[in-house]
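Below is data32.tsv, which holds TSV, C-alpha atoms.
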```tsv
chain	number	residue	atom	x	y	z
A	1	GLN	CA	-70.67	247.23	-38.96
A	2	ALA	CA	-69.46	243.77	-39.94
A	3	SER	CA	-66.30	243.77	-37.84
A	4	GLY	CA	-68.16	243.27	-34.56
A	5	PRO	CA	-70.07	240.08	-35.57
A	6	VAL	CA	-67.01	238.71	-37.38
A	7	CYS	CA	-64.81	239.21	-34.32
A	8	LEU	CA	-67.48	237.62	-32.11
A	9	LEU	CA	-67.75	234.58	-34.42
A	10	VAL	CA	-63.97	234.12	-34.66
A	11	THR	CA	-63.66	234.52	-30.88
A	12	CYS	CA	-66.21	231.74	-30.34
A	13	LEU	CA	-64.37	229.46	-32.78
A	14	LEU	CA	-61.05	230.19	-31.07
A	15	SER	CA	-62.55	229.43	-27.67
A	16	LEU	CA	-63.72	226.06	-29.01
A	17	VAL	CA	-60.24	225.34	-30.38
A	18	SER	CA	-58.66	226.32	-27.07
A	19	ALA	CA	-61.09	224.09	-25.16
A	20	ALA	CA	-60.31	221.18	-27.50
A	21	SER	CA	-56.55	221.71	-27.15
A	22	ALA	CA	-56.91	221.74	-23.35
A	23	CYS	CA	-58.50	218.29	-23.35
A	24	ARG	CA	-56.77	215.68	-21.18
A	25	LEU	CA	-56.49	213.36	-24.18
A	26	TRP	CA	-53.70	215.51	-25.63
A	27	LYS	CA	-51.72	215.16	-22.38
A	28	LEU	CA	-51.35	211.40	-22.69
A	29	TRP	CA	-47.89	210.13	-23.53
A	30	PRO	CA	-46.37	210.34	-26.16
A	31	LEU	CA	-48.49	213.18	-27.60
A	32	PRO	CA	-46.85	215.95	-25.46
A	33	PHE	CA	-43.40	214.66	-26.39
A	34	ILE	CA	-44.24	214.65	-30.11
A	35	ALA	CA	-45.80	218.13	-29.92
A	36	SER	CA	-42.71	219.52	-28.18
A	37	LYS	CA	-40.50	218.26	-31.01
A	38	LEU	CA	-42.59	219.70	-33.86
A	39	SER	CA	-42.11	223.36	-34.70
A	40	THR	CA	-45.51	223.29	-36.44
A	41	CYS	CA	-47.24	222.82	-33.08
A	42	GLU	CA	-45.33	225.76	-31.63
A	43	GLN	CA	-46.29	227.90	-34.63
A	44	LEU	CA	-49.96	226.93	-34.26
A	45	HIS	CA	-49.90	227.81	-30.56
A	46	HIS	CA	-48.26	231.15	-31.34
A	47	ARG	CA	-50.77	231.90	-34.11
A	48	LEU	CA	-53.65	230.98	-31.81
A	49	GLU	CA	-52.48	233.59	-29.31
A	50	HIS	CA	-52.22	236.17	-32.12
A	51	LEU	CA	-55.72	235.42	-33.40
A	52	THR	CA	-57.15	235.59	-29.89
A	53	LEU	CA	-55.67	239.04	-29.38
A	54	VAL	CA	-56.51	240.43	-32.84
A	55	PHE	CA	-60.15	239.26	-32.90
A	56	SER	CA	-60.87	240.14	-29.29
A	57	THR	CA	-64.14	242.05	-28.89
A	58	GLN	CA	-62.63	244.23	-26.16
A	59	LYS	CA	-61.41	247.65	-27.23
A	60	ALA	CA	-57.75	248.53	-26.98
A	61	GLN	CA	-56.92	250.21	-23.68
A	62	SER	CA	-54.08	252.35	-25.09
A	63	PRO	CA	-52.68	253.49	-28.46
A	64	ALA	CA	-49.74	251.13	-27.98
A	65	GLN	CA	-52.07	248.14	-27.63
A	66	LEU	CA	-54.03	249.25	-30.69
A	67	MET	CA	-50.80	249.52	-32.67
A	68	ARG	CA	-49.75	246.05	-31.47
A	69	LYS	CA	-53.01	244.50	-32.65
A	70	ALA	CA	-52.71	246.24	-36.04
A	71	ASN	CA	-49.11	245.05	-36.46
A	72	MET	CA	-50.13	241.46	-35.63
A	73	LEU	CA	-52.98	241.59	-38.15
A	74	VAL	CA	-50.72	242.87	-40.94
A	75	SER	CA	-48.03	240.26	-40.16
A	76	MET	CA	-50.59	237.43	-40.27
A	77	LEU	CA	-52.02	238.67	-43.58
A	78	LEU	CA	-48.51	238.86	-45.06
A	79	ASP	CA	-47.67	235.40	-43.73
A	80	VAL	CA	-50.82	233.94	-45.31
A	81	ALA	CA	-50.11	235.71	-48.62
A	82	LEU	CA	-46.56	234.33	-48.75
A	83	GLY	CA	-47.80	230.83	-47.92
A	84	LEU	CA	-50.45	230.91	-50.64
A	85	THR	CA	-47.89	232.22	-53.12
A	86	LEU	CA	-45.52	229.35	-52.28
A	87	LEU	CA	-48.30	226.76	-52.61
A	88	SER	CA	-49.44	228.17	-55.95
A	89	TRP	CA	-45.84	228.12	-57.21
A	90	LEU	CA	-45.40	224.48	-56.16
A	91	HIS	CA	-48.66	223.38	-57.79
A	92	SER	CA	-48.05	225.26	-61.04
A	93	ASN	CA	-46.28	223.34	-63.85
A	94	ASN	CA	-46.31	220.18	-61.70
A	95	ARG	CA	-43.21	221.19	-59.73
A	96	ILE	CA	-44.03	218.74	-56.92
A	97	GLY	CA	-44.00	215.89	-59.44
A	98	GLN	CA	-40.71	217.11	-60.87
A	99	LEU	CA	-39.13	217.10	-57.40
A	100	ALA	CA	-40.41	213.58	-56.73
A	101	ASP	CA	-39.14	212.33	-60.10
A	102	ALA	CA	-35.71	213.80	-59.33
A	103	LEU	CA	-35.44	212.44	-55.77
A	104	ILE	CA	-36.75	208.88	-56.25
A	105	PRO	CA	-34.06	207.76	-58.77
A	106	MET	CA	-31.40	209.38	-56.55
A	107	ALA	CA	-32.62	207.35	-53.57
A	108	ASP	CA	-32.63	204.14	-55.69
A	109	LEU	CA	-29.03	204.88	-56.76
A	110	PHE	CA	-27.92	205.32	-53.11
A	111	ILE	CA	-29.73	202.17	-51.93
A	112	GLY	CA	-28.34	200.08	-54.77
A	113	THR	CA	-24.81	201.33	-54.17
A	114	LEU	CA	-25.12	200.63	-50.47
A	115	LEU	CA	-26.41	197.08	-50.95
A	116	PHE	CA	-23.78	196.28	-53.59
A	117	THR	CA	-20.69	197.67	-51.88
A	118	ILE	CA	-21.46	196.95	-48.22
A	119	LEU	CA	-20.01	193.44	-48.69
A	120	VAL	CA	-16.90	194.63	-50.57
A	121	PHE	CA	-15.90	198.10	-49.45
A	122	LEU	CA	-17.57	198.75	-46.14
A	123	LEU	CA	-15.59	201.81	-45.06
A	124	PRO	CA	-15.76	203.81	-48.35
A	125	THR	CA	-19.42	203.00	-48.66
A	126	THR	CA	-20.15	204.19	-45.13
A	127	ALA	CA	-18.06	207.32	-45.68
A	128	LEU	CA	-19.84	208.08	-48.97
A	129	TYR	CA	-23.22	207.44	-47.40
A	130	TYR	CA	-22.37	209.69	-44.47
A	131	LEU	CA	-20.97	212.44	-46.70
A	132	VAL	CA	-23.89	212.53	-49.13
A	133	PHE	CA	-26.65	212.48	-46.54
A	134	THR	CA	-24.76	214.89	-44.28
A	135	LEU	CA	-24.65	217.38	-47.15
A	136	LEU	CA	-28.35	216.84	-47.78
A	137	ARG	CA	-29.07	217.30	-44.07
A	138	LEU	CA	-27.03	220.51	-43.99
A	139	LEU	CA	-29.01	221.77	-46.97
A	140	VAL	CA	-32.29	221.02	-45.20
A	141	VAL	CA	-31.08	222.66	-41.97
A	142	THR	CA	-29.98	225.76	-43.90
A	143	VAL	CA	-33.37	226.08	-45.60
A	144	GLN	CA	-35.12	225.56	-42.25
A	145	GLY	CA	-32.97	228.24	-40.64
A	146	LEU	CA	-33.78	230.73	-43.40
A	147	ILE	CA	-37.49	229.97	-43.08
A	148	HIS	CA	-37.34	230.39	-39.30
A	149	LEU	CA	-35.59	233.74	-39.71
A	150	LEU	CA	-38.19	234.89	-42.25
A	151	VAL	CA	-41.11	233.82	-40.06
A	152	ASP	CA	-39.59	235.46	-37.00
A	153	LEU	CA	-38.98	238.67	-38.98
A	154	ILE	CA	-42.58	238.74	-40.22
A	155	ASN	CA	-43.94	238.05	-36.74
A	156	SER	CA	-41.83	240.66	-34.94
A	157	LEU	CA	-41.51	243.50	-37.47
A	158	PRO	CA	-44.14	246.27	-36.88
A	159	LEU	CA	-45.30	246.46	-40.50
A	160	TYR	CA	-48.40	248.52	-39.78
A	161	SER	CA	-46.44	251.10	-37.78
A	162	LEU	CA	-43.80	251.37	-40.52
A	163	GLY	CA	-46.49	251.82	-43.15
A	164	LEU	CA	-48.18	254.45	-41.01
A	165	ARG	CA	-44.85	256.23	-40.56
A	166	LEU	CA	-44.31	256.17	-44.34
A	167	CYS	CA	-47.77	257.30	-45.43
A	168	ARG	CA	-48.90	259.45	-42.49
A	169	PRO	CA	-45.85	260.50	-40.50
A	170	TYR	CA	-47.85	263.00	-38.44
A	171	ARG	CA	-49.70	260.09	-36.76
A	172	LEU	CA	-46.46	258.97	-35.07
A	173	ALA	CA	-45.00	262.19	-33.68
A	174	ALA	CA	-41.83	262.56	-31.64
A	175	GLY	CA	-42.57	266.20	-30.74
A	176	VAL	CA	-43.22	269.58	-32.32
A	177	LYS	CA	-41.05	272.46	-33.46
A	178	PHE	CA	-41.88	276.12	-34.09
A	179	ARG	CA	-40.66	278.35	-36.93
A	180	ILE	CA	-40.97	282.14	-36.89
A	181	LEU	CA	-43.08	283.43	-39.78
A	182	GLU	CA	-43.36	287.10	-38.87
A	183	HIS	CA	-41.62	289.09	-36.15
A	184	GLU	CA	-42.18	292.85	-36.37
A	185	ALA	CA	-42.27	295.45	-33.65
A	186	GLY	CA	-45.77	296.33	-32.52
A	187	ARG	CA	-47.34	293.32	-34.22
A	188	PRO	CA	-48.18	289.86	-32.87
A	189	LEU	CA	-45.56	287.18	-33.27
A	190	ARG	CA	-46.59	284.61	-35.89
A	191	LEU	CA	-45.26	281.07	-35.47
A	192	LEU	CA	-45.63	277.93	-37.56
A	193	MET	CA	-45.92	274.68	-35.62
A	194	GLN	CA	-44.56	271.59	-37.35
A	195	ILE	CA	-44.67	267.98	-36.19
A	196	ASN	CA	-41.43	266.05	-35.86
A	197	PRO	CA	-42.14	262.51	-37.13
A	198	LEU	CA	-40.80	259.59	-35.16
A	199	PRO	CA	-37.61	258.12	-36.72
A	200	TYR	CA	-37.89	254.69	-38.29
A	201	SER	CA	-35.45	253.21	-35.79
A	202	SER	CA	-37.59	254.48	-32.93
A	203	VAL	CA	-40.72	253.09	-34.61
A	204	VAL	CA	-39.15	249.62	-34.82
A	205	ARG	CA	-37.80	249.83	-31.27
A	206	THR	CA	-41.08	251.08	-29.78
A	207	TYR	CA	-43.65	248.96	-31.62
A	208	ARG	CA	-41.62	245.79	-32.26
A	209	LEU	CA	-43.62	242.66	-31.46
A	210	PRO	CA	-42.19	239.96	-29.17
A	211	SER	CA	-40.45	237.10	-30.95
A	212	CYS	CA	-42.32	233.82	-31.21
A	213	GLY	CA	-39.27	231.89	-30.00
A	214	CYS	CA	-39.79	229.12	-32.58
A	215	HIS	CA	-36.11	228.73	-33.39
A	216	PRO	CA	-34.34	225.59	-34.57
A	217	LYS	CA	-33.60	223.08	-31.83
A	218	TYR	CA	-29.85	223.02	-32.48
A	219	SER	CA	-27.42	225.85	-33.10
A	220	TRP	CA	-24.75	225.84	-35.79
A	221	GLY	CA	-22.07	225.26	-33.13
A	222	SER	CA	-23.71	222.14	-31.72
A	223	LEU	CA	-24.37	220.87	-35.25
A	224	CYS	CA	-20.71	221.25	-36.20
A	225	ARG	CA	-19.62	219.49	-33.00
A	226	LYS	CA	-21.90	216.58	-33.81
A	227	LEU	CA	-20.51	216.39	-37.34
```

Can you dump the structure from the file as structure tokens?
Amino acid sequence: QASGPVCLLVTCLLSLVSAASACRLWKLWPLPFIASKLSTCEQLHHRLEHLTLVFSTQKAQSPAQLMRKANMLVSMLLDVALGLTLLSWLHSNNRIGQLADALIPMADLFIGTLLFTILVFLLPTTALYYLVFTLLRLLVVTVQGLIHLLVDLINSLPLYSLGLRLCRPYRLAAGVKFRILEHEAGRPLRLLMQINPLPYSSVVRTYRLPSCGCHPKYSWGSLCRKL
């Protein structure tokens, strides 16, 4: 009874957000250029499309569309749960402060070394600077790539369909088979009908959600060529 009003309220809020995002103010330079370079904006646009589909007040026209909406809802709930878990882990035991305390002295050491040696040993200093910050950049790119892969996996994997296949395999049937229970002359033939559940590979292939396409801007090949 509550799902209808909740969906209607969320749909109204999403329509307001869509109307605000379509304002001409956001099309003024350099806002479109900045938005195109930020993966966060692409993720927000992708999530807005998901929310619009999941909280739509219109009924699903087919079982496939119903399964798609359920898979999107489960993926969003899992994404939110992982995000809250990461935030709680960062805020517990003052881990953010520990990271800041570890990075600020390291930056002071690099800046001091650069200012001291730039007048004496220019080439070794530049090479050391390039090496250290290239390694740090590679570390950041690696972490970003892993996060992109995880987000894309959560967004595209049909979690609801897999859970339904695991708990209630008869809901996703690939066909039926018959087994003879009794076959005697002069008596009716007794058969047992059993449902063949859909294989997990077919479940993933059939109900897999489209990828969000929010991949890193540069591939590993182009990154290595630039290095």

**Item:** atom CA of A:His46 to atom CA of A:Pro158, distance in Å rounded to a single decimal
**Value:**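 Interatomic distance, atom CA of A:His46 to atom CA of A:Pro158: 16.6 Å.
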
Show me a table, sorted first by chain and then by increasing residue number, of the residues of stretch 163-208 of chain A having an atom at most 12 Å from stretch 72-90 of chain A, each with its shortest atom pair and the distance in Å to one decimal, counting only C-alpha atoms and written as a Markdown table.
```
| residue | atom | partner | partner_atom | distance |
| --- | --- | --- | --- | --- |
| A:Gly163 | CA | A:Val74 | CA | 10.1 |
| A:Leu164 | CA | A:Val74 | CA | 11.9 |
| A:Tyr207 | CA | A:Met72 | CA | 10.7 |
| A:Arg208 | CA | A:Met72 | CA | 10.1 |
```

**Prompt:** Suppose you want the space between atom CA of A:Val17 and atom CA of A:Pro32; what is it in Å?
**Reply:** 17.1 Å

**Fill in**
Nearest to A:Leu8, restricted to all atoms listed in the file and choosing among A:Val143, A:Leu135, A:Ile180, A:Val54, comes out as A:Val54

**Message:** Quick one: residues within 8 Å of A:Leu192, only C-alpha atoms, excluding same-chain residues fewer than 3 positions away - as a VMD selection string?
**Reply:** chain A and resid 178 to 181

**Asked** For the point (-64.7, 240.9, -33.8) in file coordinates, what residues are within 9 Å, counting all atoms listed in the file? Give the answer as a ChimeraX atom specification?
**Response** /A:2-11,54-58

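What separates atom CA of A:Ser18 from atom CA of A:Cys41 is a distance of 13.4 Å.
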
**Message:** Between A:Arg24, A:Arg137, A:Lys69, A:Lys177, which residue has the minimum interatomic distance to A:Leu227, considering all atoms listed in the file?
**Reply:** A:Arg137

**Item:** Option closest in space to A:Ile195, from A:Leu131, A:Leu13, A:Leu172, A:Leu139 [counting only C-alpha atoms]
**Value:**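 Using only C-alpha atoms, A:Ile195 sits closest to A:Leu172.
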
**Message:** Restricting the calculation to only C-alpha atoms: of A:Val203, A:Ala173, A:Ser92, A:Tyr160, which residue gets closest to A:Leu66?
**Reply:**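 That would be A:Tyr160, the residue with the smallest distance to A:Leu66.
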
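Take the candidates A:Leu159, A:Leu166, A:Leu138, A:Ala127 and check each one against A:Pro199 using all atoms listed in the file; the shortest distance goes to A:Leu166.
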